[in-house]
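Here the structure comes first, spelled out in structure tokens, and everything after it is commentary.
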Amino acid sequence: MERKQWIIEKRKKAEERYDMIFSSNYDKKWGYIEEKHEKLVKEFIKLIPHKGHVLDAACGTGKYWDILKEYNLKVKGIDQSYEMLIKAKTKCKEYETDKIGLQDIEDVNVFDGIMCIDAMENVFPENWVDVIKNFYNALKNEGILYFTVETISKKEKDEGFTIGKKKGLPIVYGEVAHEGGYHYYPEIEYVKNILKNECFKILKESISEGYHHFLVQKN
Ligand SMILES: C[S@@+](CC[C@H](N)C(=O)[O-])C[C@H]1O[C@@H](n2cnc3c(N)ncnc32)[C@H](O)[C@@H]1O
């Protein structure tokens, strides 16, 4: 299959999988908040002004909203899965939600902070720059972005690439898609380059098992 068409289908499938499979038991299975994630969310919040406006991009079921609620913040959660957003709404009905993809954010100069946790691995290489640009545009000057990049070993990347190619998938290196799902694991240097090109200043980088955390500021 041609890559362009494959990407369209993969994205549609991802939405369906979260709507129909993961949303019902997401909190039970993946609701646990890892120590490093919690620490970084709190560091992110500390950099947001009092009553600041925060976008939780690909918020899922609003896993971090109990933390956000402890602070005086205006929060909007977006996700491409409607069913995940329904779950999020039960955590805090005052928070605005919108069914929209990371690739389709059109806000300009609106948010003091954006957090995007455990979600960028769903973004295709073709869309990475655009998504980072969308975050940049949606932030106010000197706004803060906290996002995670999921990481796997080179051996796992090699395996994913070899198996995917053998199966005839139109994947590029770093993509793992042979088991029905989809993840893209970019090189960290590539991510840093995008941040540099899109005028984000890196405030902090942190590593935990399976994740590279970036706390950055719009320059
Ligand atoms: C692993 S969950 C993480 C959710 C939440 N941020 C958390 O940490 O629990 C990934 C979420 O990203 C959403 N997602 C995947 N690709 C997306 C895209 N292109 N645009 C918006 N949401 C997306 C999924 O629907 C899902 O809710």
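Identifiers in this document derive from the order of the structure tokens: chains are assigned A, B, ..., residues are numbered from 1 separately in each chain, and ligands are numbered from 1 in order of occurrence.
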Item checked: Residues within 7 Å of range 122-130 of chain A, only C-alpha atoms, excluding chain neighbours under 4 positions, as JSON, numbers by chain -> {"A": [103, 134, 182, 183, 184, 194]}
Write a file of the just-selected residues containing N, CA and C atoms, as a compact mmCIF listing (two decimals), in the first residue's frame.
```
# COMPACT_ATOMS: atom_id res chain seq x y z
N GLN A 103 -2.56 17.40 14.93
CA GLN A 103 -2.18 17.94 13.62
C GLN A 103 -3.09 19.10 13.21
N ASN A 134 2.31 23.76 15.63
CA ASN A 134 0.98 24.04 16.19
C ASN A 134 1.06 24.41 17.67
N TYR A 182 0.32 1.43 16.23
CA TYR A 182 1.32 2.27 15.56
C TYR A 182 2.06 3.10 16.59
N HIS A 183 3.38 3.09 16.53
CA HIS A 183 4.19 4.03 17.30
C HIS A 183 5.37 4.47 16.46
N TYR A 184 5.73 5.73 16.62
CA TYR A 184 6.95 6.24 15.97
C TYR A 184 7.89 6.73 17.08
N ILE A 194 14.22 19.87 15.80
CA ILE A 194 12.93 20.49 15.50
C ILE A 194 12.69 21.63 16.50
```
Item checked: Residue contacts of range 28-43 of chain A (10 Å, only C-alpha atoms) excluding same-chain residues fewer than 6 positions away, as a ChimeraX atom specification -> /A:22,61-64,67-68,71,115,117-118,146-148,204-209,211,213-215
Check: Counting only C-alpha atoms and all ligand atoms, which protein, DNA or RNA residues come within 8 Å of ligand 1, given as an NGL selection string?
Finding: :A and (11 or 14-15 or 18-19 or 23 or 30-31 or 56-64 or 78-82 or 84-85 or 99-104 or 116-123)
For those residues, write N, CA, C and O atoms to a file as a compact mmCIF listing (two decimals), in the first residue's frame.
```
# COMPACT_ATOMS: atom_id res chain seq x y z
N ARG A 11 -4.29 6.39 11.06
CA ARG A 11 -4.78 7.41 11.97
C ARG A 11 -6.24 7.13 12.34
O ARG A 11 -6.65 7.27 13.49
N ALA A 14 -6.30 4.32 14.74
CA ALA A 14 -5.88 4.71 16.09
C ALA A 14 -7.06 5.32 16.84
O ALA A 14 -7.29 5.03 18.02
N GLU A 15 -7.81 6.14 16.16
CA GLU A 15 -8.98 6.77 16.78
C GLU A 15 -9.98 5.69 17.20
O GLU A 15 -10.48 5.70 18.34
N TYR A 18 -8.80 3.69 20.29
CA TYR A 18 -9.01 4.37 21.58
C TYR A 18 -10.50 4.46 21.90
O TYR A 18 -10.90 4.29 23.06
N ASP A 19 -11.32 4.71 20.89
CA ASP A 19 -12.76 4.79 21.12
C ASP A 19 -13.31 3.45 21.61
O ASP A 19 -14.05 3.38 22.59
N SER A 23 -10.59 3.05 25.72
CA SER A 23 -11.23 4.05 26.60
C SER A 23 -11.91 3.39 27.80
O SER A 23 -11.87 3.93 28.91
N TRP A 30 -3.94 1.75 32.75
CA TRP A 30 -2.81 2.67 32.58
C TRP A 30 -2.97 3.95 33.39
O TRP A 30 -2.29 4.94 33.12
N GLY A 31 -3.84 3.90 34.39
CA GLY A 31 -4.13 5.12 35.17
C GLY A 31 -3.04 5.48 36.16
O GLY A 31 -3.03 6.60 36.69
N ASP A 56 -4.22 20.62 27.58
CA ASP A 56 -3.76 19.24 27.72
C ASP A 56 -4.01 18.57 26.37
O ASP A 56 -5.15 18.22 26.04
N ALA A 57 -2.94 18.47 25.59
CA ALA A 57 -3.07 18.02 24.20
C ALA A 57 -2.94 16.50 24.11
O ALA A 57 -1.94 15.95 24.56
N ALA A 58 -3.95 15.87 23.55
CA ALA A 58 -4.11 14.41 23.60
C ALA A 58 -4.26 14.01 25.06
O ALA A 58 -3.50 13.20 25.59
N CYS A 59 -5.25 14.59 25.69
CA CYS A 59 -5.45 14.45 27.14
C CYS A 59 -5.93 13.07 27.54
O CYS A 59 -5.86 12.70 28.71
N GLY A 60 -6.43 12.30 26.57
CA GLY A 60 -6.95 10.97 26.90
C GLY A 60 -8.08 11.09 27.91
O GLY A 60 -9.01 11.91 27.75
N THR A 61 -8.00 10.29 28.96
CA THR A 61 -9.04 10.28 29.99
C THR A 61 -8.80 11.35 31.06
O THR A 61 -9.43 11.30 32.12
N GLY A 62 -7.88 12.25 30.81
CA GLY A 62 -7.60 13.30 31.80
C GLY A 62 -6.87 12.76 33.02
O GLY A 62 -7.14 13.16 34.16
N LYS A 63 -5.91 11.90 32.73
CA LYS A 63 -5.16 11.23 33.81
C LYS A 63 -4.52 12.20 34.80
O LYS A 63 -4.41 11.90 35.98
N TYR A 64 -4.12 13.36 34.31
CA TYR A 64 -3.41 14.31 35.17
C TYR A 64 -4.33 15.40 35.73
O TYR A 64 -3.86 16.33 36.38
N ILE A 78 -7.87 18.36 24.72
CA ILE A 78 -8.23 17.94 23.36
C ILE A 78 -7.73 16.52 23.11
O ILE A 78 -6.74 16.08 23.71
N ASP A 79 -8.42 15.83 22.25
CA ASP A 79 -8.02 14.47 21.89
C ASP A 79 -8.76 14.11 20.60
O ASP A 79 -9.83 14.65 20.33
N GLN A 80 -8.20 13.17 19.84
CA GLN A 80 -8.92 12.77 18.63
C GLN A 80 -9.94 11.67 18.93
O GLN A 80 -10.76 11.34 18.07
N SER A 81 -9.88 11.12 20.15
CA SER A 81 -10.86 10.08 20.52
C SER A 81 -11.99 10.67 21.36
O SER A 81 -11.78 11.14 22.48
N TYR A 82 -13.17 10.59 20.82
CA TYR A 82 -14.35 11.12 21.49
C TYR A 82 -14.60 10.38 22.82
O TYR A 82 -14.89 10.99 23.85
N MET A 84 -12.48 8.84 24.76
CA MET A 84 -11.49 9.20 25.79
C MET A 84 -11.89 10.53 26.42
O MET A 84 -11.80 10.71 27.64
N LEU A 85 -12.37 11.45 25.60
CA LEU A 85 -12.79 12.76 26.11
C LEU A 85 -13.99 12.64 27.05
O LEU A 85 -14.09 13.37 28.04
N LYS A 99 -12.85 17.63 20.52
CA LYS A 99 -12.35 16.49 19.75
C LYS A 99 -11.57 17.01 18.54
O LYS A 99 -12.16 17.42 17.54
N ILE A 100 -10.28 17.03 18.71
CA ILE A 100 -9.44 17.57 17.64
C ILE A 100 -8.06 16.90 17.69
O ILE A 100 -7.57 16.57 18.77
N GLY A 101 -7.47 16.72 16.53
CA GLY A 101 -6.16 16.08 16.45
C GLY A 101 -5.03 17.07 16.70
O GLY A 101 -5.19 18.27 16.47
N LEU A 102 -3.90 16.54 17.12
CA LEU A 102 -2.72 17.38 17.35
C LEU A 102 -2.30 18.09 16.05
O LEU A 102 -1.81 19.21 16.07
N GLN A 103 -2.56 17.40 14.93
CA GLN A 103 -2.18 17.94 13.62
C GLN A 103 -3.09 19.10 13.21
O GLN A 103 -2.77 19.81 12.26
N ASP A 104 -4.22 19.23 13.90
CA ASP A 104 -5.25 20.17 13.44
C ASP A 104 -5.48 21.36 14.37
O ASP A 104 -6.45 22.10 14.20
N CYS A 116 1.71 17.58 26.67
CA CYS A 116 1.38 16.51 25.73
C CYS A 116 2.13 15.26 26.19
O CYS A 116 3.31 15.09 25.90
N ILE A 117 1.41 14.44 26.93
CA ILE A 117 2.06 13.32 27.62
C ILE A 117 1.64 11.99 27.00
O ILE A 117 0.44 11.74 26.79
N ASP A 118 2.63 11.15 26.74
CA ASP A 118 2.38 9.81 26.19
C ASP A 118 1.54 9.84 24.92
O ASP A 118 0.64 9.00 24.74
N ALA A 119 1.79 10.75 24.06
CA ALA A 119 0.97 10.86 22.86
C ALA A 119 1.78 11.09 21.58
O ALA A 119 1.35 10.68 20.50
N MET A 120 2.95 11.73 21.69
CA MET A 120 3.68 12.07 20.46
C MET A 120 4.11 10.81 19.69
O MET A 120 4.37 10.89 18.49
N GLU A 121 4.15 9.66 20.35
CA GLU A 121 4.52 8.42 19.65
C GLU A 121 3.46 8.01 18.62
O GLU A 121 3.67 7.14 17.79
N ASN A 122 2.29 8.65 18.71
CA ASN A 122 1.24 8.39 17.73
C ASN A 122 1.36 9.27 16.49
O ASN A 122 0.58 9.13 15.54
N VAL A 123 2.29 10.21 16.55
CA VAL A 123 2.40 11.19 15.45
C VAL A 123 3.38 10.66 14.40
O VAL A 123 4.50 10.26 14.72
```
Next item on the list: Any chance you could list, as an MDAnalysis selection string, the residues in range 36-159 of chain A that come up helix (DSSP H, G or I) when DSSP is run on the backbone?
Entry: chainID A and resid 36:46 65:68 82:91 102:104 120:122 125:138 154:159
Check: Please, what distance in Å, to one decimal, runs between CA of Leu47 in chain A and CA of Cys92 in chain A?
Finding: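 If I compute the distance from CA of Leu47 in chain A to CA of Cys92 in chain A, I get 22.2 Å.
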Margin query: For the strand (DSSP E or B) assignment from backbone DSSP, which residues of range 124-215 of chain A qualify? Please present them as a ChimeraX atom specification.
Written below: /A:139-150,175-176,183-184,200-208,211-215
Next item on the list: Mind checking which residues fall within 8 Å of Glu142 in chain A, counting only C-alpha atoms, ignoring those fewer than 4 positions away in the same chain, and posting them as a count of residues only?
Entry: 4
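Going from CA of Ile8 in chain A over to CA of Val108 in chain A, you cover 25.9 Å.
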Check: How many Å lie between CA of His53 in chain A and CA of Phe111 in chain A, rounded to one decimal?
Finding: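 That distance, rounded to one decimal, is 5.1 Å.
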